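So this one's run-v5.txt, compact mmCIF, C-alpha atoms:
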# COMPACT_ATOMS: atom_id res chain seq x y z
CA MET A 1 8.37 -25.17 18.78
CA PRO A 2 9.05 -21.59 20.01
CA PRO A 3 6.31 -19.12 19.08
CA LEU A 4 6.77 -16.74 16.20
CA PRO A 5 7.25 -13.02 16.97
CA ASP A 6 4.01 -11.10 17.46
CA LEU A 7 5.05 -8.30 15.12
CA VAL A 8 7.71 -7.73 12.44
CA ARG A 9 7.03 -4.50 10.62
CA PRO A 10 7.68 -4.56 6.86
CA MET A 11 10.73 -2.91 5.37
CA LEU A 12 9.84 -0.02 3.06
CA ALA A 13 11.28 1.25 -0.22
CA VAL A 14 12.14 4.81 -1.18
CA PRO A 15 10.97 6.32 -4.50
CA GLY A 16 13.73 6.85 -6.99
CA GLU A 17 15.33 6.03 -10.31
CA LEU A 18 16.89 2.82 -11.57
CA PRO A 19 20.32 2.24 -10.01
CA ALA A 20 23.24 3.57 -11.99
CA GLY A 21 26.52 1.75 -12.39
CA ASP A 22 26.93 -1.93 -11.58
CA ASP A 23 23.57 -3.53 -12.41
CA SER A 24 24.74 -6.88 -11.02
CA ALA A 25 24.59 -5.47 -7.48
CA TRP A 26 20.79 -5.26 -7.70
CA ALA A 27 17.88 -7.65 -8.10
CA TYR A 28 14.61 -6.52 -9.66
CA GLU A 29 11.04 -7.43 -8.78
CA MET A 30 7.78 -6.30 -10.30
CA LYS A 31 5.87 -3.76 -8.21
CA TRP A 32 2.45 -5.17 -7.38
CA ASP A 33 -0.45 -2.78 -6.90
CA GLY A 34 -2.05 -4.29 -3.82
CA VAL A 35 -2.07 -4.36 -0.02
CA ARG A 36 1.14 -5.16 1.83
CA ALA A 37 0.77 -7.91 4.43
CA VAL A 38 3.08 -9.88 6.70
CA ALA A 39 1.92 -13.49 7.21
CA TYR A 40 2.61 -15.42 10.41
CA VAL A 41 2.19 -19.11 9.59
CA GLN A 42 2.32 -21.74 12.32
CA GLY A 43 0.59 -25.01 13.19
CA GLY A 44 -1.59 -24.86 10.08
CA GLY A 45 -2.86 -21.37 10.92
CA VAL A 46 -2.26 -18.02 9.24
CA ARG A 47 -2.38 -14.50 10.68
CA LEU A 48 -2.16 -11.53 8.27
CA LEU A 49 -1.11 -8.08 9.50
CA SER A 50 -1.26 -4.98 7.30
CA ARG A 51 1.40 -2.28 7.13
CA ASN A 52 -0.31 -0.35 9.94
CA ASP A 53 -0.43 -3.46 12.17
CA ARG A 54 -4.13 -4.24 11.55
CA ASP A 55 -5.17 -7.88 11.63
CA VAL A 56 -6.79 -8.41 8.21
CA THR A 57 -6.92 -12.22 8.32
CA ARG A 58 -10.69 -12.56 8.18
CA SER A 59 -10.89 -10.36 5.06
CA TYR A 60 -8.90 -12.87 2.95
CA PRO A 61 -10.04 -16.43 3.80
CA GLU A 62 -8.63 -17.90 0.57
CA VAL A 63 -5.10 -17.28 1.89
CA LEU A 64 -5.64 -19.41 5.01
CA GLY A 65 -4.81 -22.57 3.08
CA LEU A 66 -1.18 -21.42 3.12
CA GLY A 67 -0.97 -22.73 6.70
CA GLU A 68 -1.89 -26.26 5.68
CA ALA A 69 0.39 -26.05 2.66
CA LEU A 70 3.45 -25.32 4.84
CA GLY A 71 2.51 -28.17 7.20
CA SER A 72 4.77 -28.34 10.25
CA THR A 73 6.98 -25.48 9.03
CA ALA A 74 6.46 -22.16 10.80
CA ALA A 75 7.36 -18.98 8.94
CA VAL A 76 7.02 -15.20 8.85
CA LEU A 77 6.51 -14.07 5.25
CA ASP A 78 6.33 -10.66 3.59
CA GLY A 79 4.21 -10.08 0.51
CA GLU A 80 1.37 -8.30 -1.26
CA LEU A 81 -2.33 -9.17 -1.50
CA VAL A 82 -3.31 -8.57 -5.12
CA THR A 83 -6.48 -8.87 -7.21
CA PHE A 84 -6.14 -9.38 -10.96
CA ASP A 85 -8.39 -8.30 -13.82
CA ALA A 86 -9.47 -10.38 -16.82
CA ARG A 87 -6.18 -9.56 -18.60
CA GLY A 88 -4.11 -10.78 -15.66
CA ALA A 89 -3.02 -7.30 -14.54
CA PRO A 90 -3.33 -6.12 -10.91
CA ASP A 91 -6.62 -4.27 -10.34
CA PHE A 92 -6.51 -2.04 -7.27
CA GLY A 93 -10.08 -0.89 -7.90
CA ARG A 94 -11.39 -4.46 -7.54
CA LEU A 95 -9.23 -4.96 -4.46
CA GLN A 96 -11.09 -2.10 -2.76
CA GLN A 97 -14.07 -4.45 -2.45
CA ARG A 98 -12.01 -6.71 -0.19
CA MET A 99 -10.28 -4.17 2.03
CA HIS A 100 -13.10 -3.26 4.44
CA VAL A 101 -14.73 -6.66 4.89
CA ALA A 102 -15.04 -7.98 8.45
CA ASP A 103 -18.05 -10.29 8.09
CA PRO A 104 -16.79 -13.87 7.52
CA ALA A 105 -19.71 -14.88 5.25
CA THR A 106 -19.23 -11.82 3.05
CA ALA A 107 -15.47 -12.44 2.91
CA ARG A 108 -16.02 -16.04 1.79
CA ARG A 109 -18.42 -14.92 -0.94
CA LEU A 110 -16.00 -12.27 -2.20
CA ALA A 111 -13.16 -14.79 -2.14
CA ARG A 112 -15.03 -16.60 -4.91
CA THR A 113 -16.05 -13.55 -6.97
CA VAL A 114 -13.08 -11.20 -6.35
CA PRO A 115 -10.23 -13.54 -5.37
CA VAL A 116 -6.86 -12.35 -4.18
CA VAL A 117 -3.44 -13.93 -4.54
CA TYR A 118 -0.82 -13.48 -1.80
CA LEU A 119 2.42 -12.76 -3.65
CA VAL A 120 5.26 -13.63 -1.25
CA PHE A 121 8.56 -11.90 -1.97
CA ASP A 122 10.49 -12.25 1.29
CA VAL A 123 10.93 -14.52 4.32
CA LEU A 124 11.71 -13.10 7.76
CA GLN A 125 11.84 -16.25 9.88
CA VAL A 126 11.61 -20.04 9.44
CA ASP A 127 10.73 -22.09 12.52
CA ASP A 128 12.90 -20.63 15.29
CA THR A 129 15.53 -19.09 12.98
CA PRO A 130 15.20 -15.40 12.01
CA THR A 131 16.48 -14.56 8.53
CA LEU A 132 16.51 -10.76 8.89
CA SER A 133 20.33 -10.57 8.99
CA LEU A 134 20.76 -12.59 5.80
CA PRO A 135 21.42 -10.71 2.55
CA TYR A 136 18.65 -10.50 -0.04
CA ASP A 137 19.99 -13.32 -2.21
CA ALA A 138 20.23 -15.72 0.74
CA ARG A 139 16.69 -14.90 1.88
CA ARG A 140 15.40 -15.60 -1.63
CA GLU A 141 17.11 -19.00 -1.52
CA VAL A 142 15.40 -19.77 1.80
CA LEU A 143 12.07 -18.63 0.36
CA ALA A 144 12.49 -20.83 -2.70
CA GLY A 145 13.13 -23.80 -0.41
CA LEU A 146 9.76 -23.37 1.30
CA GLY A 147 7.87 -24.30 -1.86
CA VAL A 148 5.27 -21.55 -1.50
CA ALA A 149 3.00 -22.31 -4.47
CA GLY A 150 -0.76 -22.73 -4.39
CA PRO A 151 -4.06 -21.47 -5.73
CA SER A 152 -3.97 -18.25 -3.68
CA TRP A 153 -0.28 -17.86 -2.82
CA GLN A 154 2.76 -17.64 -5.09
CA VAL A 155 6.37 -16.45 -5.09
CA PRO A 156 6.80 -13.99 -7.99
CA PRO A 157 10.15 -14.09 -9.79
CA SER A 158 13.17 -11.95 -9.11
CA PHE A 159 15.14 -10.73 -12.15
CA ASP A 160 18.85 -10.12 -12.67
CA GLY A 161 18.36 -7.15 -15.00
CA PRO A 162 19.30 -5.03 -16.82
CA GLY A 163 16.94 -2.91 -14.78
CA ALA A 164 15.83 -0.93 -17.82
CA ASP A 165 14.62 -4.13 -19.48
CA VAL A 166 12.68 -5.21 -16.39
CA LEU A 167 11.09 -1.77 -16.13
CA ALA A 168 10.08 -1.91 -19.80
CA ALA A 169 8.58 -5.36 -19.30
CA SER A 170 6.56 -4.11 -16.33
CA ARG A 171 5.05 -1.37 -18.50
CA GLU A 172 4.23 -3.82 -21.29
CA ASN A 173 2.40 -6.04 -18.79
CA GLY A 174 0.35 -3.21 -17.29
CA LEU A 175 2.22 -3.17 -13.97
CA GLU A 176 2.97 -0.18 -11.75
CA GLY A 177 6.76 -0.35 -12.03
CA VAL A 178 9.62 -2.26 -10.41
CA LEU A 179 11.42 -2.59 -7.10
CA ALA A 180 15.21 -2.58 -7.20
CA LYS A 181 16.69 -4.37 -4.18
CA ARG A 182 20.37 -4.40 -3.28
CA ARG A 183 21.55 -8.00 -3.23
CA THR A 184 23.73 -7.56 -0.13
CA ALA A 185 21.02 -5.76 1.88
CA THR A 186 19.64 -7.25 5.09
CA TYR A 187 15.99 -6.87 6.05
CA ARG A 188 15.42 -3.82 8.26
CA PRO A 189 11.97 -4.07 9.91
CA GLY A 190 9.97 -0.85 9.76
CA ALA A 191 12.77 1.08 8.05
CA ARG A 192 12.46 2.98 4.77
CA SER A 193 15.78 2.19 3.14
CA PRO A 194 17.52 3.24 -0.11
CA ASP A 195 18.57 -0.41 -0.39
CA TRP A 196 15.05 -0.87 -1.77
CA ARG A 197 14.00 1.54 -4.54
CA LYS A 198 10.58 1.75 -6.14
CA VAL A 199 10.56 3.00 -9.72
CA LYS A 200 7.05 3.71 -11.00
CA HIS A 201 5.57 4.55 -14.40
CA VAL A 202 2.94 6.86 -12.93
CA HIS A 203 2.99 9.20 -9.97
CA THR A 204 0.94 7.99 -7.01
CA GLN A 205 0.79 9.59 -3.59
CA GLU A 206 -0.71 8.53 -0.29
CA VAL A 207 -2.67 11.41 1.22
CA VAL A 208 -4.32 12.23 4.54
CA LEU A 209 -7.94 13.34 4.30
CA VAL A 210 -8.19 16.62 6.23
CA GLY A 211 -11.52 17.98 4.94
CA TRP A 212 -14.31 17.72 2.39
CA ARG A 213 -16.34 20.15 0.31
CA PRO A 214 -20.02 19.72 -0.59
CA GLY A 215 -21.02 18.74 -4.10
CA GLN A 216 -23.16 20.78 -6.43
CA GLY A 217 -26.57 20.19 -8.01
CA ARG A 218 -27.93 16.76 -7.21
CA ARG A 219 -25.03 16.12 -4.85
CA ALA A 220 -25.49 19.32 -2.86
CA GLY A 221 -24.90 18.60 0.82
CA THR A 222 -22.97 15.42 0.07
CA VAL A 223 -19.24 15.00 -0.51
CA GLY A 224 -18.13 16.60 -3.76
CA SER A 225 -14.35 16.78 -3.28
CA LEU A 226 -11.69 16.10 -0.68
CA VAL A 227 -9.09 18.38 0.92
CA LEU A 228 -5.72 16.71 1.37
CA GLY A 229 -2.62 16.86 3.52
CA VAL A 230 0.81 15.21 3.39
CA HIS A 231 3.58 15.20 6.00
CA ASP A 232 6.83 16.96 5.20
CA ARG A 233 10.26 15.57 6.05
CA ASP A 234 9.96 16.94 9.60
CA GLY A 235 6.69 15.10 10.19
CA VAL A 236 4.50 18.22 9.95
CA LEU A 237 1.15 17.77 8.18
CA ARG A 238 1.06 20.32 5.33
CA PRO A 239 -1.59 21.30 2.77
CA ALA A 240 -1.45 19.22 -0.43
CA GLY A 241 -4.42 20.63 -2.33
CA GLY A 242 -7.63 18.79 -3.12
CA VAL A 243 -9.09 16.12 -5.36
CA GLY A 244 -12.47 16.15 -7.08
CA THR A 245 -12.15 13.54 -9.82
CA GLY A 246 -11.93 9.76 -10.00
CA PHE A 247 -14.87 9.07 -7.67
CA THR A 248 -17.94 6.94 -8.19
CA GLY A 249 -21.19 8.01 -6.54
CA ARG A 250 -20.95 4.97 -4.28
CA ALA A 251 -17.42 5.92 -3.22
CA LEU A 252 -18.53 9.47 -2.35
CA ASP A 253 -21.41 8.16 -0.26
CA HIS A 254 -19.06 5.84 1.60
CA LEU A 255 -16.60 8.67 2.20
CA GLY A 256 -19.39 10.87 3.54
CA ALA A 257 -20.35 8.20 6.09
CA LEU A 258 -16.74 7.95 7.25
CA LEU A 259 -15.93 11.67 7.30
CA ARG A 260 -18.95 13.21 9.00
CA PRO A 261 -18.24 11.70 12.44
CA LEU A 262 -14.68 13.11 12.22
CA GLU A 263 -15.65 16.78 11.68
CA ARG A 264 -13.85 19.49 13.65
CA ARG A 265 -13.89 23.30 13.64
CA THR A 266 -10.31 24.05 12.66
CA GLN A 267 -7.98 22.80 9.97
CA PRO A 268 -5.60 20.03 11.14
CA VAL A 269 -2.70 21.12 8.92
CA GLU A 270 0.01 23.75 9.31
CA GLY A 271 0.00 26.22 6.43
CA ARG A 272 -2.59 27.89 4.23
CA PHE A 273 -4.68 26.54 1.40
CA PRO A 274 -5.61 28.89 -1.46
CA PRO A 275 -9.06 30.31 -0.59
CA PRO A 276 -10.81 28.61 -3.57
CA ASP A 277 -9.60 25.20 -2.31
CA VAL A 278 -11.31 25.52 1.06
CA ARG A 279 -14.50 27.44 0.30
CA ASP A 280 -17.31 25.83 2.36
CA VAL A 281 -14.88 23.19 3.62
CA HIS A 282 -15.76 20.79 6.45
CA TRP A 283 -12.53 20.05 8.34
CA VAL A 284 -12.04 16.56 9.77
CA GLU A 285 -9.67 14.79 12.12
CA PRO A 286 -6.73 13.46 10.05
CA ARG A 287 -7.40 9.75 10.54
CA LEU A 288 -8.18 8.47 7.05
CA VAL A 289 -5.63 7.73 4.31
CA GLY A 290 -6.28 7.59 0.58
CA GLU A 291 -4.27 7.40 -2.60
CA VAL A 292 -4.28 9.57 -5.72
CA VAL A 293 -2.66 9.50 -9.15
CA HIS A 294 -1.17 12.89 -10.05
CA ALA A 295 0.95 14.81 -12.55
CA GLY A 296 3.57 16.09 -10.11
CA TRP A 297 3.83 18.86 -7.54
CA THR A 298 3.48 22.62 -7.84
CA ALA A 299 6.13 24.97 -6.49
CA ASP A 300 3.95 25.69 -3.44
CA GLY A 301 3.51 22.02 -2.56
CA ARG A 302 0.16 21.16 -4.15
CA LEU A 303 -0.62 18.04 -6.14
CA ARG A 304 -1.11 18.71 -9.86
CA HIS A 305 -4.20 17.19 -11.50
CA PRO A 306 -4.82 14.52 -8.84
CA SER A 307 -7.37 11.76 -9.42
CA TRP A 308 -8.75 9.59 -6.64
CA ARG A 309 -7.75 5.91 -6.51
CA GLY A 310 -9.33 4.84 -3.24
CA LEU A 311 -9.00 4.60 0.52
CA ARG A 312 -5.95 2.93 2.07
CA PRO A 313 -7.07 1.48 5.42
CA ASP A 314 -3.80 -0.46 5.47
CA LYS A 315 -1.80 2.75 5.88
CA HIS A 316 -1.42 4.89 9.04
CA PRO A 317 -1.81 8.68 8.64
CA ASP A 318 1.49 9.37 10.43
CA ALA A 319 3.33 7.34 7.79
CA VAL A 320 2.08 9.43 4.86
CA VAL A 321 5.02 11.44 3.50
CA ARG A 322 5.59 13.23 0.22
CA GLU A 323 7.07 11.07 -2.55
CA ASP A 324 8.95 13.19 -5.05
Kindly present the structure from the file in structure tokens form.
Amino acid sequence: MPPLPDLVRPMLAVPGELPAGDDSAWAYEMKWDGVRAVAYVQGGGVRLLSRNDRDVTRSYPEVLGLGEALGSTAAVLDGELVTFDARGAPDFGRLQQRMHVADPATARRLARTVPVVYLVFDVLQVDDTPTLSLPYDARREVLAGLGVAGPSWQVPPSFDGPGADVLAASRENGLEGVLAKRRTATYRPGARSPDWRKVKHVHTQEVVLVGWRPGQGRRAGTVGSLVLGVHDRDGVLRPAGGVGTGFTGRALDHLGALLRPLERRTQPVEGRFPPPDVRDVHWVEPRLVGEVVHAGWTADGRLRHPSWRGLRPDKHPDAVVRED
């Protein structure tokens, strides 16, 4: 059997509103709050690559059974690694415990206490036949034929709409929103395409960590808040304000250990921060990505009322762009 491709980068959605007009031209999927991963399954083995091409296989041992489940069938699958809370809703905070684990013994222990499910929503190749040029509906038929169903891997449903009803159902079930996917659209590896639209209930934004400010009182000398940057449409890293809420003490300690070795003398962004935002700031190389919840953007390009959600080691800093 010919080998599978070494790398197929995932297709990306653009933020937007529900499609207007002919609803039948679109399919709707729930938006899962997890870590995107492409799975390469062959000969009973599984290799998981994150959105920034990192091999994260050893962090999620419970997903390896997918290789045995598919048997002699080889496949490249696209999906999301998700952890659920006691109510059955995705819990990104719990997932953070799984995202940095490289030790196999620790990963196996966490697989029992903080299990993930690999939610597969697309298929990019089966055996030696790529499916990238097939329209969405045809790829979903191929995916259904694979019988991907197990204790740690599932194919979530696709809905016909109306989109407004699916979006309302996602809110009722504590989900982040929906993805609207054009039924005739092919799969475009690595492209951010309007054929896929993400419609969210809350505003989230990936951010590049460009500096930190010391805490006060008992946390003096440790990380108290973060200084943020986001790339504009021309790829220039611009100031995006700062975030000082949403952290646990443990998270701040972990951030301090990661940020201190990255310190530099000058700011790595083009543009000026308001002086209060950068008083006593320690600038760092822009290598770490995080995510915040926020209330929108100010006229001068700063995040309004951001709250920290966590690090995103699955995202590359160069791919962080403003989502309006």
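Atom CA of A:Asp55 sits 22.1 Å away from atom CA of A:Gly71.
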If we count all atoms listed in the file, what is near stretch 289-302 of chain A at a cut-off of 9 Å, once residues fewer than 6 positions away on the same chain are taken out, given as number ranges by chain? A: 202-209, 238-243, 246, 308-317, 320, 324
Would you compute the distance between atom CA of A:Arg322 and atom CA of A:Ala13? Give it in Å to one decimal.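 Computing the Euclidean distance for atom CA of A:Arg322 and atom CA of A:Ala13 yields 13.3 Å.
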What gap, in Å, lies between atom CA of A:Ser307 and atom CA of A:Thr245? 5.1 Å
Around all of stretch 123-127 of chain A's listed atoms, make the axis-aligned box with 8 Å on each side and tell me centre and edge lengths in Å to one decimal, as lines of an AutoDock Vina configuration file.
center_x = 11.3
center_y = -17.6
center_z = 8.4
size_x = 17.1
size_y = 25.0
size_z = 24.2
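The residue that comes closest to A:Ala185, out of A:Ser170, A:Thr131, A:Gln42, A:Gln216 and on the basis of all atoms listed in the file, is A:Thr131.
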Counting only C-alpha atoms, which of A:Glu17, A:Asp6, A:Glu263, A:Asp91 gets nearest to A:Ala164?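 Selected residue with least distance to A:Ala164: A:Glu17.
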Please identify all polymer residues within 7 Å of A:Ser158, counting all atoms listed in the file, omitting same-chain residues fewer than 2 positions from it, and present them as an MDAnalysis selection string. chainID A and resid 27:29 156 160
Between A:Val8, A:Ala105, A:Leu95, A:Met30, which residue has the minimum interatomic distance to A:Pro157, considering only C-alpha atoms? A:Met30
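Closest approach to A:Leu110 among A:Ser59, A:Ser193, A:Ser24, A:Ser72: A:Ser59, based on all atoms listed in the file.
For the choices A:Val114, A:Gly244, A:Pro261, A:Ala74, the atom-to-atom distance to A:His305 is smallest for A:Gly244 when using only C-alpha atoms.
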For stretch 143-168 of chain A, which lacks atoms in the input, supply N, CA, C and O atoms and format the output as a tab-separated table (two decimals), in the coordinates of the input.
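Dumped everything to rebuild-v8.tsv:
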chain	number	residue	atom	x	y	z
A	143	LEU	N	13.46	-18.71	0.80
A	143	LEU	CA	12.07	-18.63	0.36
A	143	LEU	C	11.77	-19.68	-0.71
A	143	LEU	O	10.73	-20.35	-0.66
A	144	ALA	N	12.68	-19.84	-1.66
A	144	ALA	CA	12.49	-20.83	-2.70
A	144	ALA	C	12.39	-22.23	-2.11
A	144	ALA	O	11.62	-23.08	-2.59
A	145	GLY	N	13.14	-22.49	-1.05
A	145	GLY	CA	13.13	-23.80	-0.41
A	145	GLY	C	11.85	-24.13	0.31
A	145	GLY	O	11.58	-25.30	0.60
A	146	LEU	N	11.03	-23.13	0.61
A	146	LEU	CA	9.76	-23.37	1.30
A	146	LEU	C	8.70	-23.94	0.37
A	146	LEU	O	7.70	-24.50	0.85
A	147	GLY	N	8.86	-23.78	-0.92
A	147	GLY	CA	7.87	-24.30	-1.86
A	147	GLY	C	6.52	-23.63	-1.75
A	147	GLY	O	5.48	-24.31	-1.77
A	148	VAL	N	6.53	-22.31	-1.63
A	148	VAL	CA	5.27	-21.55	-1.50
A	148	VAL	C	4.63	-21.44	-2.88
A	148	VAL	O	4.98	-20.57	-3.68
A	149	ALA	N	3.69	-22.33	-3.18
A	149	ALA	CA	3.00	-22.31	-4.47
A	149	ALA	C	1.64	-22.96	-4.29
A	149	ALA	O	1.54	-24.10	-3.86
A	150	GLY	N	0.59	-22.21	-4.56
A	150	GLY	CA	-0.76	-22.73	-4.39
A	150	GLY	C	-1.76	-21.89	-5.13
A	150	GLY	O	-1.40	-20.93	-5.83
A	151	PRO	N	-3.04	-22.19	-4.98
A	151	PRO	CA	-4.06	-21.47	-5.73
A	151	PRO	C	-4.19	-20.00	-5.36
A	151	PRO	O	-4.59	-19.18	-6.19
A	152	SER	N	-3.82	-19.64	-4.13
A	152	SER	CA	-3.97	-18.25	-3.68
A	152	SER	C	-2.70	-17.71	-3.06
A	152	SER	O	-2.74	-16.71	-2.34
A	153	TRP	N	-1.57	-18.35	-3.32
A	153	TRP	CA	-0.28	-17.86	-2.82
A	153	TRP	C	0.81	-18.31	-3.79
A	153	TRP	O	0.84	-19.43	-4.26
A	154	GLN	N	1.70	-17.38	-4.13
A	154	GLN	CA	2.76	-17.64	-5.09
A	154	GLN	C	3.99	-16.82	-4.71
A	154	GLN	O	3.89	-15.81	-4.00
A	155	VAL	N	5.14	-17.24	-5.20
A	155	VAL	CA	6.37	-16.45	-5.09
A	155	VAL	C	6.68	-15.88	-6.47
A	155	VAL	O	7.05	-16.62	-7.38
A	156	PRO	N	6.49	-14.57	-6.67
A	156	PRO	CA	6.80	-13.99	-7.99
A	156	PRO	C	8.30	-13.99	-8.23
A	156	PRO	O	9.10	-13.99	-7.28
A	157	PRO	N	8.72	-13.99	-9.49
A	157	PRO	CA	10.15	-14.09	-9.79
A	157	PRO	C	10.92	-12.83	-9.44
A	157	PRO	O	10.37	-11.73	-9.38
A	158	SER	N	12.21	-13.03	-9.24
A	158	SER	CA	13.17	-11.95	-9.11
A	158	SER	C	14.06	-11.99	-10.35
A	158	SER	O	14.41	-13.07	-10.83
A	159	PHE	N	14.42	-10.81	-10.88
A	159	PHE	CA	15.14	-10.73	-12.15
A	159	PHE	C	16.53	-10.13	-11.93
A	159	PHE	O	16.73	-9.26	-11.09
A	160	ASP	N	17.47	-10.60	-12.76
A	160	ASP	CA	18.85	-10.12	-12.67
A	160	ASP	C	19.04	-8.76	-13.34
A	160	ASP	O	20.01	-8.07	-13.07
A	161	GLY	N	18.17	-8.38	-14.25
A	161	GLY	CA	18.36	-7.15	-15.00
A	161	GLY	C	18.84	-7.46	-16.41
A	161	GLY	O	18.84	-8.63	-16.81
A	162	PRO	N	19.18	-6.45	-17.19
A	162	PRO	CA	19.30	-5.03	-16.82
A	162	PRO	C	17.98	-4.43	-16.30
A	162	PRO	O	16.90	-4.81	-16.77
A	163	GLY	N	18.11	-3.52	-15.37
A	163	GLY	CA	16.94	-2.91	-14.78
A	163	GLY	C	16.04	-2.24	-15.79
A	163	GLY	O	14.81	-2.29	-15.67
A	164	ALA	N	16.64	-1.62	-16.81
A	164	ALA	CA	15.83	-0.93	-17.82
A	164	ALA	C	14.93	-1.91	-18.56
A	164	ALA	O	13.79	-1.59	-18.91
A	165	ASP	N	15.43	-3.13	-18.79
A	165	ASP	CA	14.62	-4.13	-19.48
A	165	ASP	C	13.47	-4.60	-18.60
A	165	ASP	O	12.35	-4.83	-19.09
A	166	VAL	N	13.74	-4.77	-17.31
A	166	VAL	CA	12.68	-5.21	-16.39
A	166	VAL	C	11.62	-4.12	-16.27
A	166	VAL	O	10.42	-4.41	-16.27
A	167	LEU	N	12.04	-2.87	-16.21
A	167	LEU	CA	11.09	-1.77	-16.13
A	167	LEU	C	10.23	-1.71	-17.39
A	167	LEU	O	9.01	-1.51	-17.30
A	168	ALA	N	10.84	-1.91	-18.55
A	168	ALA	CA	10.08	-1.91	-19.80
A	168	ALA	C	9.08	-3.06	-19.82
A	168	ALA	O	7.93	-2.89	-20.27
